[in-house]
$ cat upload36.txt   # compact mmCIF, C-alpha atoms and all ligand atoms
# COMPACT_ATOMS: atom_id res chain seq x y z
CA MET A 33 158.39 43.46 -177.79
CA PRO A 34 156.89 46.74 -176.54
CA ARG A 35 158.46 49.96 -177.79
CA VAL A 36 160.62 51.46 -175.04
CA VAL A 37 160.56 55.24 -174.50
CA THR A 38 162.72 56.88 -171.86
CA THR A 39 161.79 60.57 -172.11
CA VAL A 40 158.57 62.49 -171.54
CA ALA A 41 159.07 64.31 -174.88
CA GLU A 42 159.30 61.02 -176.78
CA TRP A 43 156.08 59.66 -175.25
CA ARG A 44 154.24 62.97 -175.79
CA SER A 45 155.12 62.93 -179.47
CA LEU A 46 153.98 59.29 -179.81
CA ARG A 47 150.82 60.08 -177.86
CA ALA A 48 150.02 62.95 -180.24
CA THR A 49 150.10 60.48 -183.13
CA HIS A 50 147.72 58.11 -181.32
CA ARG A 51 145.42 60.99 -180.37
CA ALA A 52 145.31 62.25 -183.95
CA ALA A 53 144.25 58.75 -185.02
CA GLY A 54 141.51 58.72 -182.33
CA ARG A 55 143.09 55.87 -180.34
CA SER A 56 142.32 55.57 -176.61
CA ILE A 57 145.19 54.99 -174.19
CA GLY A 58 145.15 52.67 -171.16
CA PHE A 59 147.96 53.19 -168.65
CA VAL A 60 149.43 50.76 -166.10
CA PRO A 61 152.08 52.21 -163.74
CA THR A 62 154.55 49.65 -162.33
CA MET A 63 157.90 49.40 -160.59
CA GLY A 64 158.83 46.30 -162.60
CA ALA A 65 159.54 42.83 -161.15
CA LEU A 66 156.34 41.95 -162.94
CA HIS A 67 154.13 38.96 -162.14
CA ALA A 68 150.66 37.61 -162.95
CA GLY A 69 149.05 40.43 -160.94
CA HIS A 70 150.58 43.01 -163.31
CA ALA A 71 149.64 40.83 -166.30
CA SER A 72 145.97 41.06 -165.22
CA LEU A 73 146.25 44.89 -165.19
CA PHE A 74 147.82 44.89 -168.67
CA GLN A 75 145.10 42.55 -169.95
CA ALA A 76 142.35 44.78 -168.54
CA ALA A 77 143.98 47.79 -170.23
CA ARG A 78 144.29 45.79 -173.48
CA ARG A 79 140.57 44.92 -173.34
CA ASP A 80 139.42 48.52 -172.88
CA ASN A 81 141.83 50.58 -175.00
CA ALA A 82 143.43 50.84 -178.43
CA VAL A 83 146.92 51.49 -176.99
CA VAL A 84 148.42 50.07 -173.79
CA LEU A 85 151.13 52.12 -172.09
CA ALA A 86 153.01 50.70 -169.09
CA SER A 87 155.55 52.57 -166.99
CA LEU A 88 158.48 50.86 -165.36
CA PHE A 89 160.11 53.11 -162.80
CA VAL A 90 161.43 52.07 -159.38
CA ASN A 91 160.48 55.29 -157.64
CA PRO A 92 163.14 56.15 -155.03
CA THR A 93 160.95 58.63 -153.13
CA GLN A 94 158.40 56.04 -151.99
CA PHE A 95 160.93 53.82 -150.20
CA ASP A 96 161.24 54.74 -146.55
CA GLN A 97 164.41 52.64 -146.26
CA GLU A 98 167.34 52.95 -148.66
CA ASN A 99 168.11 49.27 -148.17
CA ASP A 100 164.62 48.34 -149.42
CA PHE A 101 165.10 50.52 -152.56
CA GLU A 102 168.50 48.97 -153.29
CA HIS A 103 167.21 45.42 -152.88
CA TYR A 104 163.97 45.95 -154.81
CA PRO A 105 164.06 43.25 -157.54
CA ARG A 106 164.98 44.50 -161.02
CA THR A 107 164.17 41.94 -163.72
CA TRP A 108 164.06 43.91 -167.00
CA GLY A 109 164.47 40.94 -169.41
CA ARG A 110 161.60 38.94 -167.88
CA ASP A 111 159.49 42.09 -167.52
CA GLU A 112 159.79 42.83 -171.25
CA GLU A 113 158.65 39.31 -172.11
CA LEU A 114 155.68 39.46 -169.74
CA MET A 115 154.62 42.86 -171.14
CA ASP A 116 154.94 41.51 -174.66
CA ALA A 117 152.79 38.46 -173.87
CA ALA A 118 150.15 40.63 -172.14
CA GLY A 119 149.83 43.01 -175.11
CA VAL A 120 151.67 46.13 -173.85
CA ASP A 121 152.44 48.45 -176.79
CA VAL A 122 154.74 51.01 -175.18
CA VAL A 123 156.79 51.04 -171.97
CA PHE A 124 157.87 54.33 -170.45
CA ALA A 125 161.09 53.60 -168.54
CA PRO A 126 162.63 56.92 -167.45
CA GLN A 127 165.76 57.61 -165.41
CA VAL A 128 165.36 59.35 -162.03
CA ASP A 129 166.46 62.77 -163.43
CA GLU A 130 163.74 62.63 -166.07
CA MET A 131 161.04 62.14 -163.44
CA TYR A 132 162.52 64.50 -160.84
CA PRO A 133 163.97 67.47 -162.79
CA ASN A 134 163.66 69.62 -159.65
CA GLY A 135 164.82 66.89 -157.28
CA THR A 136 162.33 66.63 -154.44
CA ARG A 137 161.46 70.36 -154.22
CA TYR A 138 157.86 69.64 -155.16
CA ALA A 139 155.77 66.88 -153.58
CA VAL A 140 152.13 65.91 -153.05
CA THR A 141 151.09 65.39 -149.46
CA GLU A 142 147.81 63.98 -148.23
CA ASN A 143 147.19 64.65 -144.57
CA GLU A 144 144.70 62.07 -143.34
CA VAL A 145 144.63 58.54 -144.78
CA SER A 146 148.40 58.73 -145.52
CA ASN A 147 149.26 58.70 -141.85
CA GLU A 148 147.36 55.51 -141.04
CA LEU A 149 147.97 51.78 -141.61
CA GLU A 150 150.83 51.57 -144.17
CA GLY A 151 151.60 55.25 -143.64
CA ALA A 152 152.08 54.79 -139.90
CA HIS A 153 154.72 52.11 -140.57
CA ARG A 154 156.38 53.65 -143.67
CA PRO A 155 156.90 57.39 -143.06
CA GLY A 156 156.93 59.36 -146.32
CA HIS A 157 155.88 56.39 -148.44
CA PHE A 158 152.56 57.82 -149.58
CA THR A 159 154.01 61.28 -150.30
CA GLY A 160 156.53 59.62 -152.63
CA MET A 161 153.87 57.40 -154.19
CA LEU A 162 151.33 60.23 -154.72
CA THR A 163 154.01 62.52 -156.16
CA VAL A 164 155.17 60.00 -158.73
CA VAL A 165 151.62 58.90 -159.60
CA LEU A 166 150.59 62.52 -160.23
CA LYS A 167 153.62 62.96 -162.50
CA LEU A 168 152.91 59.67 -164.30
CA LEU A 169 149.20 60.41 -164.81
CA GLN A 170 150.09 63.83 -166.22
CA ILE A 171 152.68 62.35 -168.54
CA ALA A 172 150.54 59.40 -169.68
CA GLY A 173 147.49 61.54 -170.54
CA ALA A 174 145.51 58.28 -170.68
CA GLU A 175 141.76 57.75 -170.77
CA ARG A 176 142.09 55.04 -168.12
CA ALA A 177 144.69 53.97 -165.53
CA TYR A 178 144.70 50.56 -163.84
CA PHE A 179 145.56 49.82 -160.20
CA GLY A 180 145.44 46.59 -158.19
CA GLU A 181 143.19 46.13 -155.18
CA LYS A 182 146.03 44.50 -153.24
CA ASP A 183 147.37 47.98 -152.47
CA TRP A 184 143.98 49.06 -151.14
CA GLN A 185 145.16 52.17 -149.30
CA GLN A 186 147.21 53.25 -152.35
CA LEU A 187 144.11 52.83 -154.49
CA GLN A 188 141.98 55.03 -152.19
CA LEU A 189 144.69 57.70 -152.18
CA VAL A 190 145.12 57.61 -155.97
CA ARG A 191 141.36 58.01 -156.45
CA GLY A 192 141.42 61.00 -154.09
CA LEU A 193 144.46 62.44 -155.90
CA ALA A 194 142.77 62.23 -159.31
CA LYS A 195 139.71 64.00 -157.88
CA ALA A 196 141.67 66.67 -155.98
CA PHE A 197 143.86 67.58 -158.96
CA PHE A 198 141.16 67.32 -161.64
CA ILE A 199 142.92 64.52 -163.50
CA PRO A 200 140.54 63.41 -166.27
CA THR A 201 141.89 59.82 -166.33
CA GLU A 202 139.42 57.20 -165.07
CA ILE A 203 140.95 55.12 -162.25
CA ILE A 204 140.08 51.45 -162.73
CA VAL A 205 140.48 48.86 -159.98
CA CYS A 206 141.45 45.26 -160.71
CA PRO A 207 141.06 42.39 -158.19
CA THR A 208 144.06 40.92 -156.36
CA VAL A 209 145.61 37.94 -158.15
CA ARG A 210 146.60 35.09 -155.82
CA GLU A 211 148.73 31.97 -155.88
CA THR A 212 146.64 28.77 -155.59
CA ASP A 213 147.37 28.67 -151.84
CA GLY A 214 145.92 32.18 -151.33
CA LEU A 215 149.14 34.22 -151.11
CA ALA A 216 148.64 37.56 -152.89
CA MET A 217 151.03 37.99 -155.84
CA SER A 218 153.74 40.50 -155.02
CA SER A 219 157.19 41.38 -156.33
CA ARG A 220 158.41 40.94 -152.77
CA ASN A 221 157.40 37.24 -152.64
CA ALA A 222 160.60 36.45 -154.56
CA ARG A 223 162.57 37.39 -151.43
CA LEU A 224 160.91 34.71 -149.26
CA SER A 225 163.05 31.69 -148.30
CA PRO A 226 161.42 28.27 -148.98
CA ALA A 227 160.40 28.00 -145.30
CA GLU A 228 158.92 31.54 -145.31
CA ARG A 229 157.13 30.85 -148.61
CA ALA A 230 155.51 27.78 -146.99
CA LEU A 231 154.32 29.94 -144.08
CA ALA A 232 153.21 32.96 -146.12
CA PRO A 233 149.70 31.71 -147.19
CA LYS A 234 148.71 31.57 -143.51
CA PHE A 235 148.61 35.39 -143.64
CA ASN A 236 145.69 35.44 -146.07
CA ALA A 237 144.06 32.49 -144.24
CA ALA A 238 144.11 34.46 -140.95
CA LEU A 239 142.66 37.61 -142.55
CA VAL A 240 139.85 35.54 -144.07
CA GLY A 241 139.21 33.13 -141.20
CA ALA A 242 139.67 34.98 -137.89
CA ALA A 243 136.57 36.38 -136.23
CA THR A 244 138.20 39.70 -135.31
CA PRO A 245 141.37 41.65 -136.17
CA ALA A 246 142.70 40.90 -132.67
CA ALA A 247 142.13 37.16 -133.21
CA ALA A 248 143.92 37.37 -136.58
CA ARG A 249 146.90 39.11 -134.92
CA THR A 250 147.12 36.44 -132.18
CA GLN A 251 146.92 33.66 -134.77
CA LEU A 252 149.61 35.26 -136.95
CA GLU A 253 152.00 35.96 -134.08
CA ALA A 254 151.62 32.38 -132.85
CA THR A 255 152.55 31.16 -136.36
CA GLY A 256 155.77 33.23 -136.49
CA PHE A 257 154.78 36.47 -138.23
CA ALA A 258 155.69 39.91 -136.87
CA VAL A 259 152.45 41.85 -137.24
CA ASP A 260 152.49 45.56 -138.15
CA TYR A 261 148.69 45.86 -138.17
CA VAL A 262 145.41 44.08 -138.79
CA GLU A 263 142.37 46.37 -139.01
CA ASP A 264 138.84 46.32 -140.36
CA ARG A 265 138.02 49.37 -142.52
CA GLU A 266 135.18 50.18 -144.91
CA GLY A 267 134.07 46.59 -145.39
CA ARG A 268 137.60 45.20 -145.74
CA ARG A 269 140.15 43.60 -143.43
CA LEU A 270 143.65 44.95 -144.05
CA GLY A 271 146.93 43.63 -142.73
CA ALA A 272 150.70 43.93 -142.95
CA VAL A 273 153.17 41.37 -141.59
CA ARG A 274 156.87 40.68 -141.72
CA LEU A 275 158.74 37.42 -142.20
CA ARG A 276 162.35 38.31 -141.41
CA GLN A 277 163.23 41.07 -143.92
CA THR A 278 160.19 40.56 -146.19
CA ARG A 279 157.09 42.64 -145.58
CA LEU A 280 153.76 41.41 -146.95
CA ILE A 281 150.46 43.29 -147.23
CA ASP A 282 147.02 41.99 -148.10
CA ASN A 283 143.33 42.82 -147.71
CA VAL A 284 140.10 40.88 -148.07
CA ALA A 285 136.39 41.70 -148.19
CA ARG A 286 134.55 41.32 -144.86
O1 LIG A 301 152.07 50.04 -156.91
C1 LIG A 301 153.17 50.35 -157.41
O2 LIG A 301 153.87 49.53 -158.04
C2 LIG A 301 153.71 51.76 -157.22
O3 LIG A 301 153.32 52.27 -155.99
C3 LIG A 301 153.31 52.71 -158.36
C4 LIG A 301 151.82 52.92 -158.42
C5 LIG A 301 153.83 52.17 -159.69
C6 LIG A 301 153.98 54.09 -158.14
O4 LIG A 301 155.37 53.99 -158.10
$ encode --input "upload36.txt" --output "structure tokens" --more "lines below"
Ligand code: PAF
Amino acid sequence: MPRVVTTVAEWRSLRATHRAAGRSIGFVPTMGALHAGHASLFQAARRDNAVVLASLFVNPTQFDQENDFEHYPRTWGRDEELMDAAGVDVVFAPQVDEMYPNGTRYAVTENEVSNELEGAHRPGHFTGMLTVVLKLLQIAGAERAYFGEKDWQQLQLVRGLAKAFFIPTEIIVCPTVRETDGLAMSSRNARLSPAERALAPKFNAALVGAATPAAARTQLEATGFAVDYVEDREGRRLGAVRLRQTRLIDNVAR
């Protein structure tokens, strides 16, 4: 099983040992509830680095609704096994006070991309995400950090963050991992009822198959999805939909 560290000081001391031995570090930040998508990030980190560090921290500041934070799946036992199988060496699993010693006095705000798409529907989400990712990248001190393409807007913002704050860690993108029926792997899929799970792959099918974003929206609404947005941006089609209380996001190349 991976070694579990809960404090920044403990990881820094371990990191110093790895550094002294000339070992490279690959870092994968997560909020737990791990699935095959996370496993692909761990495996990419395993391939490129001597040491694989994962973080498991359900970051309260990136949830725009308290209810969503409370109901976010927490599956520590299964997560440990998946990390073990995927070759994770160390998991950093801090408490909230360790990550936010000054509460929310300090935060990272991006003023353009953060207000669009996901940002327009989840106020404050990207400020919380960028703040915790900056903290985690600083703590990890890794050569490389791995992010999934499913969260396309997050990925663009993290790349911009690393550049803006002179973070020397290379940001590596890994392709979205899908179920055989096309549904993008997500921790939130576990919340779908059997009927919703049967409907969910039609989301990806509409993003791929519809001629225009407007046609995709019409198709999705007719099938029973509530559509937050479907937009074409920078060679990709991005969408977010809701099936009762479960919100799904996805994006595909155009
Ligand atoms: O993508 C996620 O799981 C989270 O946004 C991240 C990057 C771990 C930050 O909390």
$ residues_near_ligand --input "upload36.txt" --ligand "ligand LIG 301 (chain A)" --cutoff "8 Å" --atoms "only C-alpha atoms and all ligand atoms" --output "PyMOL selection string"
chain A and resi 60-64+87-91+94+160-162+164-165+179-180+183+186
$ closest_residue --input "upload36.txt" --among "A:Asn236, A:Thr93, A:Asn147, A:Gln75" --to "A:Val120" --atoms "all atoms listed in the file"
A:Gln75
$ atom_distance --input "upload36.txt" --atom1 "atom CA of A:Arg78" --atom2 "atom CA of A:Phe59"
9.6 Å
$ closest_residue --input "upload36.txt" --among "A:Glu142, A:Glu112, A:Asp264, A:Glu202" --to "A:Leu189" --atoms "all atoms listed in the file"
A:Glu142
$ residues_around --input "upload36.txt" --residues "stretch 102-111 of chain A" --least-positions-apart "3" --cutoff "6 Å" --atoms "all atoms listed in the file" --output "PDB file with C-alpha atoms, keeping the file's coordinate frame"
ATOM      1  CA  ALA A  65     159.540  42.830-161.150  1.00  0.00           C
ATOM      2  CA  LEU A  66     156.340  41.950-162.940  1.00  0.00           C
ATOM      3  CA  ASN A  99     168.110  49.270-148.170  1.00  0.00           C
ATOM      4  CA  LEU A 114     155.680  39.460-169.740  1.00  0.00           C
TER       5      LEU A 114
END
$ closest_residue --input "upload36.txt" --among "A:Leu46, A:Ala254, A:Ala76, A:Leu85" --to "A:Lys234" --atoms "all atoms listed in the file"
A:Ala254
$ closest_residue --input "upload36.txt" --among "A:Ala53, A:Ala230, A:Leu280, A:Ala246" --to "A:Ala82" --atoms "only C-alpha atoms"
A:Ala53
$ residues_around --input "upload36.txt" --residues "A:Leu193" --least-positions-apart "3" --cutoff "12 Å" --atoms "only C-alpha atoms" --output "JSON, numbers by chain"
{"A": [140, 141, 142, 143, 145, 146, 158, 159, 161, 162, 163, 164, 165, 166, 167, 169, 170, 186, 187, 188, 189, 190, 196, 197, 198, 199, 200, 201, 202, 203]}
$ closest_residue --input "upload36.txt" --among "A:Asp129, A:Asp260, A:Glu211, A:Glu266" --to "A:Glu150" --atoms "only C-alpha atoms"
A:Asp260
$ closest_residue --input "upload36.txt" --among "A:Asp100, A:Ala118, A:Lys195, A:Val262" --to "A:Gln277" --atoms "all atoms listed in the file"
A:Asp100
$ residues_around --input "upload36.txt" --residues "A:Ala41" --least-positions-apart "2" --cutoff "12 Å" --atoms "only C-alpha atoms" --output "compact mmCIF listing (two decimals) with C-alpha atoms, keeping the file's coordinate frame"
# COMPACT_ATOMS: atom_id res chain seq x y z
CA VAL A 37 160.56 55.24 -174.50
CA THR A 38 162.72 56.88 -171.86
CA THR A 39 161.79 60.57 -172.11
CA TRP A 43 156.08 59.66 -175.25
CA ARG A 44 154.24 62.97 -175.79
CA SER A 45 155.12 62.93 -179.47
CA LEU A 46 153.98 59.29 -179.81
CA ARG A 47 150.82 60.08 -177.86
CA ALA A 48 150.02 62.95 -180.24
CA PHE A 124 157.87 54.33 -170.45
CA PRO A 126 162.63 56.92 -167.45
CA GLU A 130 163.74 62.63 -166.07
CA MET A 131 161.04 62.14 -163.44
CA ILE A 171 152.68 62.35 -168.54
CA ALA A 172 150.54 59.40 -169.68
$ atom_distance --input "upload36.txt" --atom1 "atom CA of A:Ala139" --atom2 "atom CA of A:Ala177"
20.8 Å
$ atom_distance --input "upload36.txt" --atom1 "atom CA of A:Glu181" --atom2 "atom CA of A:Thr208"
5.4 Å
